[in-house]
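The file model_24.cif comes next; it holds mmCIF, N, CA and C atoms.
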```cif
data_work
loop_
_atom_site.label_atom_id
_atom_site.label_comp_id
_atom_site.auth_asym_id
_atom_site.auth_seq_id
_atom_site.Cartn_x
_atom_site.Cartn_y
_atom_site.Cartn_z
N ASN A 1 71.69 -67.14 29.53
CA ASN A 1 71.64 -67.04 30.97
C ASN A 1 72.68 -66.03 31.46
N PHE A 2 72.22 -64.89 31.78
CA PHE A 2 73.09 -63.84 32.29
C PHE A 2 72.94 -63.76 33.79
N LYS A 3 74.08 -63.82 34.51
CA LYS A 3 74.05 -63.70 35.97
C LYS A 3 74.81 -62.46 36.37
N TYR A 4 74.20 -61.70 37.22
CA TYR A 4 74.81 -60.46 37.70
C TYR A 4 74.97 -60.56 39.20
N PHE A 5 76.18 -60.24 39.68
CA PHE A 5 76.43 -60.24 41.11
C PHE A 5 76.69 -58.80 41.53
N ASP A 6 76.00 -58.39 42.52
CA ASP A 6 76.17 -57.04 43.03
C ASP A 6 77.35 -57.06 44.01
N VAL A 7 78.50 -56.71 43.50
CA VAL A 7 79.71 -56.78 44.30
C VAL A 7 79.98 -55.38 44.86
N LEU A 8 80.05 -55.30 46.18
CA LEU A 8 80.29 -54.02 46.84
C LEU A 8 81.76 -53.68 46.94
N MET A 9 82.59 -54.68 47.00
CA MET A 9 84.02 -54.47 47.15
C MET A 9 84.68 -54.52 45.78
N PRO A 10 85.69 -53.66 45.57
CA PRO A 10 86.41 -53.73 44.29
C PRO A 10 87.20 -55.03 44.19
N GLY A 11 87.42 -55.45 42.99
CA GLY A 11 88.16 -56.68 42.77
C GLY A 11 89.62 -56.51 43.19
N THR A 12 90.17 -57.54 43.73
CA THR A 12 91.58 -57.52 44.10
C THR A 12 92.27 -58.72 43.49
N ILE A 13 93.54 -58.58 43.32
CA ILE A 13 94.35 -59.67 42.80
C ILE A 13 95.21 -60.17 43.95
N THR A 14 95.20 -61.46 44.14
CA THR A 14 96.00 -62.02 45.21
C THR A 14 96.96 -63.05 44.64
N GLY A 15 97.94 -63.40 45.43
CA GLY A 15 98.89 -64.41 45.00
C GLY A 15 100.31 -63.93 45.25
N ASP A 16 101.23 -64.76 44.87
CA ASP A 16 102.64 -64.41 45.02
C ASP A 16 103.09 -63.64 43.78
N PHE A 17 103.62 -62.44 44.03
CA PHE A 17 104.11 -61.63 42.94
C PHE A 17 105.63 -61.60 42.97
N ASP A 18 106.20 -61.53 41.80
CA ASP A 18 107.64 -61.30 41.69
C ASP A 18 107.85 -59.82 41.95
N THR A 19 108.68 -59.49 42.93
CA THR A 19 108.91 -58.09 43.26
C THR A 19 110.34 -57.69 42.95
N LYS A 20 110.54 -56.41 42.72
CA LYS A 20 111.85 -55.83 42.47
C LYS A 20 111.97 -54.56 43.31
N PHE A 21 113.19 -54.09 43.45
CA PHE A 21 113.45 -52.88 44.23
C PHE A 21 113.72 -51.72 43.28
N PHE A 22 113.41 -50.52 43.76
CA PHE A 22 113.61 -49.31 42.97
C PHE A 22 113.89 -48.14 43.89
N PHE A 23 114.46 -47.08 43.33
CA PHE A 23 114.71 -45.86 44.07
C PHE A 23 113.50 -44.97 43.87
N GLY A 24 112.77 -44.74 44.96
CA GLY A 24 111.54 -43.97 44.87
C GLY A 24 111.56 -42.72 45.71
N THR A 25 110.46 -42.49 46.42
CA THR A 25 110.30 -41.26 47.20
C THR A 25 110.93 -41.33 48.58
N ASP A 26 111.25 -42.51 49.06
CA ASP A 26 111.90 -42.66 50.37
C ASP A 26 113.39 -42.35 50.20
N LEU A 27 113.84 -41.29 50.84
CA LEU A 27 115.23 -40.84 50.67
C LEU A 27 116.20 -41.55 51.61
N THR A 28 115.74 -42.61 52.31
CA THR A 28 116.62 -43.35 53.21
C THR A 28 116.88 -44.77 52.75
N THR A 29 116.12 -45.25 51.79
CA THR A 29 116.28 -46.63 51.33
C THR A 29 115.61 -46.82 49.98
N CYS A 30 115.77 -47.99 49.41
CA CYS A 30 115.07 -48.37 48.19
C CYS A 30 113.75 -49.01 48.58
N GLN A 31 112.80 -48.98 47.66
CA GLN A 31 111.48 -49.54 47.93
C GLN A 31 111.25 -50.75 47.04
N GLU A 32 110.22 -51.51 47.39
CA GLU A 32 109.91 -52.74 46.68
C GLU A 32 108.49 -52.68 46.16
N LYS A 33 108.29 -53.21 44.94
CA LYS A 33 106.94 -53.30 44.38
C LYS A 33 106.90 -54.44 43.37
N PRO A 34 105.69 -54.92 43.07
CA PRO A 34 105.56 -56.01 42.09
C PRO A 34 106.07 -55.58 40.72
N THR A 35 106.67 -56.52 40.02
CA THR A 35 107.24 -56.21 38.71
C THR A 35 106.18 -55.78 37.70
N ILE A 36 104.94 -56.22 37.89
CA ILE A 36 103.90 -55.84 36.93
C ILE A 36 103.57 -54.35 36.99
N THR A 37 104.02 -53.66 38.04
CA THR A 37 103.73 -52.23 38.17
C THR A 37 104.84 -51.35 37.59
N PHE A 38 105.94 -51.94 37.17
CA PHE A 38 107.01 -51.16 36.55
C PHE A 38 106.64 -50.82 35.12
N ARG A 39 107.06 -49.64 34.68
CA ARG A 39 106.89 -49.27 33.28
C ARG A 39 108.17 -49.64 32.53
N ASP A 40 108.07 -49.77 31.23
CA ASP A 40 109.25 -50.04 30.42
C ASP A 40 110.28 -48.95 30.66
N GLY A 41 111.52 -49.35 30.85
CA GLY A 41 112.59 -48.39 31.06
C GLY A 41 112.82 -48.02 32.51
N ASP A 42 111.91 -48.39 33.43
CA ASP A 42 112.13 -48.11 34.85
C ASP A 42 113.29 -48.94 35.37
N ALA A 43 114.15 -48.32 36.16
CA ALA A 43 115.27 -49.05 36.76
C ALA A 43 114.72 -49.94 37.87
N ARG A 44 115.08 -51.20 37.84
CA ARG A 44 114.64 -52.15 38.87
C ARG A 44 115.81 -53.04 39.23
N TYR A 45 115.82 -53.47 40.48
CA TYR A 45 116.94 -54.24 41.01
C TYR A 45 116.41 -55.51 41.66
N ASP A 46 117.13 -56.61 41.46
CA ASP A 46 116.70 -57.90 42.00
C ASP A 46 116.74 -57.94 43.53
N THR A 47 117.69 -57.22 44.13
CA THR A 47 117.82 -57.24 45.59
C THR A 47 117.91 -55.82 46.13
N LEU A 48 117.56 -55.68 47.39
CA LEU A 48 117.69 -54.40 48.07
C LEU A 48 119.15 -53.95 48.07
N HIS A 49 120.06 -54.89 48.28
CA HIS A 49 121.49 -54.58 48.33
C HIS A 49 121.97 -53.97 47.01
N LEU A 50 121.56 -54.51 45.89
CA LEU A 50 121.96 -53.97 44.59
C LEU A 50 121.45 -52.54 44.40
N CYS A 51 120.22 -52.30 44.81
CA CYS A 51 119.65 -50.96 44.70
C CYS A 51 120.39 -49.99 45.61
N CYS A 52 120.67 -50.41 46.84
CA CYS A 52 121.41 -49.56 47.78
C CYS A 52 122.81 -49.25 47.27
N GLN A 53 123.46 -50.23 46.64
CA GLN A 53 124.80 -50.00 46.09
C GLN A 53 124.76 -48.94 44.99
N GLN A 54 123.68 -48.89 44.25
CA GLN A 54 123.57 -47.94 43.14
C GLN A 54 123.17 -46.55 43.62
N HIS A 55 122.25 -46.46 44.58
CA HIS A 55 121.66 -45.16 44.93
C HIS A 55 122.07 -44.62 46.30
N PHE A 56 122.70 -45.43 47.15
CA PHE A 56 123.12 -44.99 48.47
C PHE A 56 124.56 -45.42 48.74
N VAL A 57 125.44 -45.14 47.81
CA VAL A 57 126.82 -45.61 47.90
C VAL A 57 127.50 -45.07 49.15
N TRP A 58 127.08 -43.92 49.65
CA TRP A 58 127.69 -43.34 50.85
C TRP A 58 127.20 -43.99 52.14
N ASP A 59 126.09 -44.76 52.08
CA ASP A 59 125.55 -45.39 53.29
C ASP A 59 124.77 -46.65 52.92
N ILE A 60 125.46 -47.63 52.38
CA ILE A 60 124.81 -48.87 51.95
C ILE A 60 124.19 -49.59 53.14
N SER A 61 124.91 -49.67 54.26
CA SER A 61 124.37 -50.39 55.42
C SER A 61 123.14 -49.67 55.98
N GLY A 62 123.12 -48.34 55.97
CA GLY A 62 121.95 -47.60 56.43
C GLY A 62 120.75 -47.84 55.52
N CYS A 63 120.99 -47.83 54.21
CA CYS A 63 119.93 -48.11 53.25
C CYS A 63 119.37 -49.51 53.48
N CYS A 64 120.26 -50.48 53.65
CA CYS A 64 119.82 -51.87 53.88
C CYS A 64 119.03 -51.97 55.18
N SER A 65 119.52 -51.33 56.22
CA SER A 65 118.83 -51.37 57.51
C SER A 65 117.44 -50.74 57.42
N ASN A 66 117.34 -49.59 56.77
CA ASN A 66 116.05 -48.91 56.63
C ASN A 66 115.09 -49.67 55.73
N GLY A 67 115.63 -50.48 54.83
CA GLY A 67 114.79 -51.23 53.90
C GLY A 67 114.42 -52.63 54.38
N GLY A 68 114.84 -52.99 55.59
CA GLY A 68 114.48 -54.30 56.13
C GLY A 68 115.63 -55.29 56.21
N GLY A 69 116.80 -54.89 55.74
CA GLY A 69 117.98 -55.76 55.86
C GLY A 69 118.41 -56.35 54.54
N CYS A 70 119.70 -56.56 54.44
CA CYS A 70 120.30 -57.17 53.25
C CYS A 70 121.08 -58.39 53.70
N PRO A 71 120.71 -59.57 53.25
CA PRO A 71 121.45 -60.77 53.65
C PRO A 71 122.90 -60.75 53.16
N GLU A 72 123.21 -59.88 52.19
CA GLU A 72 124.58 -59.80 51.69
C GLU A 72 125.52 -59.16 52.72
N LEU A 73 124.96 -58.40 53.66
CA LEU A 73 125.76 -57.75 54.69
C LEU A 73 125.70 -58.56 55.97
N PRO A 74 126.79 -58.59 56.75
CA PRO A 74 126.75 -59.31 58.03
C PRO A 74 125.80 -58.61 58.99
N ASP A 75 125.16 -59.42 59.88
CA ASP A 75 124.25 -58.85 60.87
C ASP A 75 124.97 -57.91 61.81
N ASP A 76 126.10 -58.32 62.30
CA ASP A 76 126.91 -57.51 63.20
C ASP A 76 128.26 -57.31 62.55
N PRO A 77 128.41 -56.21 61.82
CA PRO A 77 129.68 -56.02 61.14
C PRO A 77 130.84 -56.00 62.13
N VAL A 78 131.93 -56.59 61.70
CA VAL A 78 133.12 -56.62 62.53
C VAL A 78 133.76 -55.25 62.47
N VAL A 79 134.00 -54.69 63.63
CA VAL A 79 134.65 -53.38 63.69
C VAL A 79 136.14 -53.63 63.91
N ASP A 80 136.92 -53.24 62.93
CA ASP A 80 138.36 -53.41 63.06
C ASP A 80 138.86 -52.49 64.17
N ASP A 81 139.81 -52.98 64.92
CA ASP A 81 140.44 -52.17 65.95
C ASP A 81 141.65 -51.52 65.32
N PRO A 82 141.48 -50.24 64.89
CA PRO A 82 142.59 -49.62 64.18
C PRO A 82 143.78 -49.42 65.09
N GLY A 83 144.95 -49.61 64.51
CA GLY A 83 146.17 -49.38 65.27
C GLY A 83 146.43 -47.89 65.40
N VAL A 84 147.46 -47.57 66.15
CA VAL A 84 147.80 -46.17 66.38
C VAL A 84 148.06 -45.44 65.07
N ASP A 85 148.71 -46.11 64.12
CA ASP A 85 149.01 -45.46 62.85
C ASP A 85 147.76 -45.03 62.11
N GLU A 86 146.66 -45.79 62.27
CA GLU A 86 145.43 -45.44 61.57
C GLU A 86 144.67 -44.32 62.26
N LEU A 87 144.93 -44.08 63.52
CA LEU A 87 144.25 -43.01 64.24
C LEU A 87 144.99 -41.69 64.14
N ASP A 88 146.27 -41.73 63.88
CA ASP A 88 147.09 -40.53 63.80
C ASP A 88 147.44 -40.27 62.35
N GLY A 89 147.66 -39.00 62.04
CA GLY A 89 148.08 -38.69 60.69
C GLY A 89 148.05 -37.20 60.42
N TYR A 90 148.20 -36.88 59.16
CA TYR A 90 148.23 -35.49 58.72
C TYR A 90 146.98 -35.20 57.89
N TYR A 91 146.55 -33.96 57.97
CA TYR A 91 145.37 -33.53 57.21
C TYR A 91 145.63 -32.13 56.67
N PRO A 92 144.99 -31.78 55.54
CA PRO A 92 145.19 -30.44 54.97
C PRO A 92 144.41 -29.40 55.78
N THR A 93 145.08 -28.30 56.13
CA THR A 93 144.42 -27.22 56.88
C THR A 93 144.18 -26.00 56.01
N TRP A 94 144.98 -25.84 54.97
CA TRP A 94 144.96 -24.68 54.09
C TRP A 94 145.26 -23.39 54.87
N ALA A 95 145.87 -23.50 56.04
CA ALA A 95 146.24 -22.34 56.84
C ALA A 95 147.67 -21.91 56.51
N ALA A 96 147.87 -20.62 56.35
CA ALA A 96 149.21 -20.10 56.05
C ALA A 96 150.17 -20.50 57.16
N GLY A 97 151.35 -20.98 56.80
CA GLY A 97 152.35 -21.38 57.77
C GLY A 97 152.24 -22.82 58.22
N GLU A 98 151.11 -23.44 57.97
CA GLU A 98 150.92 -24.86 58.32
C GLU A 98 149.83 -25.44 57.43
N LEU A 99 150.21 -25.76 56.20
CA LEU A 99 149.24 -26.24 55.21
C LEU A 99 148.72 -27.63 55.53
N CYS A 100 149.56 -28.46 56.14
CA CYS A 100 149.16 -29.78 56.61
C CYS A 100 149.53 -29.89 58.08
N ALA A 101 148.65 -30.44 58.88
CA ALA A 101 148.91 -30.54 60.32
C ALA A 101 148.70 -31.98 60.79
N TYR A 102 149.31 -32.28 61.93
CA TYR A 102 149.22 -33.61 62.53
C TYR A 102 148.13 -33.61 63.59
N LYS A 103 147.39 -34.74 63.68
CA LYS A 103 146.41 -34.88 64.75
C LYS A 103 146.10 -36.36 64.98
N SER A 104 145.43 -36.61 66.08
CA SER A 104 144.94 -37.95 66.41
C SER A 104 143.42 -37.94 66.34
N GLY A 105 142.85 -39.10 66.10
CA GLY A 105 141.40 -39.25 66.16
C GLY A 105 140.67 -38.74 64.93
N PHE A 106 140.84 -39.39 63.81
CA PHE A 106 140.15 -39.02 62.59
C PHE A 106 138.77 -39.65 62.52
N GLU A 107 137.81 -38.92 62.00
CA GLU A 107 136.49 -39.47 61.70
C GLU A 107 136.60 -40.24 60.38
N SER A 108 135.66 -41.15 60.14
CA SER A 108 135.74 -41.99 58.94
C SER A 108 135.67 -41.18 57.65
N TRP A 109 135.03 -40.03 57.68
CA TRP A 109 134.87 -39.22 56.48
C TRP A 109 136.05 -38.27 56.24
N GLU A 110 136.93 -38.13 57.23
CA GLU A 110 138.03 -37.19 57.10
C GLU A 110 139.16 -37.76 56.25
N GLU A 111 139.79 -36.88 55.48
CA GLU A 111 140.93 -37.26 54.67
C GLU A 111 142.17 -37.29 55.56
N ARG A 112 142.91 -38.40 55.51
CA ARG A 112 144.07 -38.58 56.37
C ARG A 112 145.25 -39.06 55.54
N PHE A 113 146.43 -38.55 55.86
CA PHE A 113 147.66 -38.96 55.19
C PHE A 113 148.63 -39.49 56.23
N ASP A 114 149.40 -40.51 55.86
CA ASP A 114 150.36 -41.12 56.78
C ASP A 114 151.52 -40.18 57.13
N THR A 115 151.94 -39.39 56.16
CA THR A 115 153.09 -38.51 56.39
C THR A 115 152.76 -37.10 55.92
N ILE A 116 153.52 -36.14 56.42
CA ILE A 116 153.34 -34.76 55.96
C ILE A 116 153.70 -34.66 54.48
N GLU A 117 154.67 -35.44 54.04
CA GLU A 117 155.05 -35.44 52.63
C GLU A 117 153.89 -35.90 51.73
N ASP A 118 153.18 -36.94 52.18
CA ASP A 118 152.01 -37.41 51.41
C ASP A 118 150.94 -36.33 51.31
N CYS A 119 150.67 -35.67 52.42
CA CYS A 119 149.67 -34.61 52.46
C CYS A 119 150.07 -33.46 51.53
N CYS A 120 151.32 -33.03 51.65
CA CYS A 120 151.80 -31.91 50.84
C CYS A 120 151.84 -32.24 49.35
N THR A 121 152.26 -33.47 49.02
CA THR A 121 152.31 -33.88 47.62
C THR A 121 150.91 -33.90 47.02
N SER A 122 149.96 -34.42 47.77
CA SER A 122 148.60 -34.57 47.27
C SER A 122 147.85 -33.24 47.18
N LYS A 123 148.02 -32.38 48.17
CA LYS A 123 147.20 -31.17 48.25
C LYS A 123 147.93 -29.87 47.91
N PHE A 124 149.23 -29.83 48.14
CA PHE A 124 149.95 -28.56 47.98
C PHE A 124 151.24 -28.73 47.19
N SER A 125 151.19 -29.48 46.10
CA SER A 125 152.39 -29.71 45.31
C SER A 125 152.96 -28.40 44.76
N TYR A 126 152.11 -27.41 44.57
CA TYR A 126 152.55 -26.11 44.07
C TYR A 126 153.34 -25.31 45.11
N ASP A 127 153.24 -25.70 46.40
CA ASP A 127 153.95 -25.01 47.48
C ASP A 127 154.55 -26.05 48.44
N TYR A 128 155.12 -27.09 47.85
CA TYR A 128 155.59 -28.24 48.60
C TYR A 128 156.62 -27.87 49.68
N ASP A 129 157.61 -27.07 49.34
CA ASP A 129 158.68 -26.73 50.31
C ASP A 129 158.12 -26.04 51.55
N ASN A 130 157.23 -25.08 51.38
CA ASN A 130 156.62 -24.40 52.52
C ASN A 130 155.71 -25.34 53.30
N CYS A 131 155.09 -26.26 52.60
CA CYS A 131 154.19 -27.20 53.27
C CYS A 131 154.93 -28.16 54.18
N VAL A 132 156.03 -28.73 53.71
CA VAL A 132 156.76 -29.71 54.53
C VAL A 132 157.62 -29.05 55.60
N ASN A 133 157.75 -27.73 55.55
CA ASN A 133 158.51 -26.97 56.54
C ASN A 133 157.61 -25.90 57.15
N PRO A 134 156.64 -26.31 57.98
CA PRO A 134 155.69 -25.34 58.52
C PRO A 134 156.36 -24.28 59.39
N THR A 135 155.81 -23.07 59.37
CA THR A 135 156.34 -21.98 60.17
C THR A 135 155.37 -21.55 61.26
N SER A 136 154.23 -22.15 61.32
CA SER A 136 153.22 -21.79 62.31
C SER A 136 153.70 -22.18 63.71
N THR A 137 153.31 -21.39 64.71
CA THR A 137 153.68 -21.66 66.11
C THR A 137 152.47 -22.06 66.93
N ARG A 138 151.47 -22.53 66.31
CA ARG A 138 150.25 -22.87 67.07
C ARG A 138 150.40 -24.08 67.90
#
```
Could you render the structure as structure tokens?
Amino acid sequence: NFKYFDVLMPGTITGDFDTKFFFGTDLTTCQEKPTITFRDGDARYDTLHLCCQQHFVWDISGCCSNGGGCPELPDDPVVDDPGVDELDGYYPTWAAGELCAYKSGFESWEERFDTIEDCCTSKFSYDYDNCVNPTSTR
């Protein structure tokens, strides 16, 4: 007894799949797919947060946000109120006569030193005396 069904729709698989995250074509976050679609040797991560930590180290919260959220991160991160010392400091200018300069209002990505000595030691140890004794009149 052979029975043939004329099925117009392709077969689909339904159910709950175990999914993992991976770094794919989306350059803003990690993506998710069922584990059965991974090939041997493909990097896969149990959580979005783990994938973001590996592939978006410069913007983990952005990766998490773009990927739907990471429960490991707080919903509303606490913004520390930096004191005056954290807003002011020295930075390398590489300008003759003033290799390190003082300023207020650093961006998070900017390199900042607490003292001119720290800046000069870190960046201009080969010309330390001229660095800590600027001659610029700007």
- Item | Distance query 6 Å from (151.7, -24.0, 54.3) using only C-alpha atoms, result as a list in words | Ala96, Gly97, Glu98, Leu99, Asn130, Cys131 and Pro134 of chain A
- Can you list, as a ChimeraX atom specification, every protein, DNA or RNA residue that comes within 6 Å of Arg112 of chain A when you count all atoms listed in the file, leaving out same-chain residues fewer than 4 positions away? /A:89-91
- For the file shown, what are the residues hit by the PyMOL selection byres ((chain A and resi 62-72) around 8), laid out as a list of chain:residue names?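 So the PyMOL selection byres ((chain A and resi 62-72) around 8), applied here, picks out A:Leu27, A:Thr28, A:Thr29, A:Cys30, A:Gln31, A:Glu32, A:Thr47, A:Leu48, A:His49, A:Leu50, A:Cys51, A:Cys52, A:Gln53, A:Phe56, A:Trp58, A:Asp59, A:Ile60, A:Ser61, A:Leu73, A:Pro74, A:Asp75.
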- Run DSSP on the backbone and give me the residues of segment 11-113 of chain A it puts in strand (DSSP E or B), as a PyMOL selection string. chain A and resi 19-22+31-34+45+88-95+98-104+113
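Taking atom C of Asp129 of chain A and atom C of Glu111 of chain A as endpoints, the distance between them is 19.9 Å.
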- What is the atom C of Asp42 of chain A-atom C of Gly24 of chain A distance in Å, reported with one decimal?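 If I compute the distance from atom C of Asp42 of chain A to atom C of Gly24 of chain A, I get 12.2 Å.
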- Between A:Glu107, A:Ala101, A:Cys120, A:Tyr45, single out the one closest to Val132 of chain A, counting only N, CA and C atoms.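 The closest residue to Val132 of chain A is A:Cys120.
Here atom C of Ser108 of chain A and atom CA of Ala95 of chain A stand 21.6 Å from one another.
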Taking all atoms of segment 92-99 of chain A that appear in the file, build a box with edges along x, y and z, extend it by 8 Å on every side, and state its centre and edge lengths in Å to one decimal, as JSON.
```
{"center_x": 148.3, "center_y": -25.9, "center_z": 56.2, "size_x": 24.2, "size_y": 27.7, "size_z": 20.2}
```
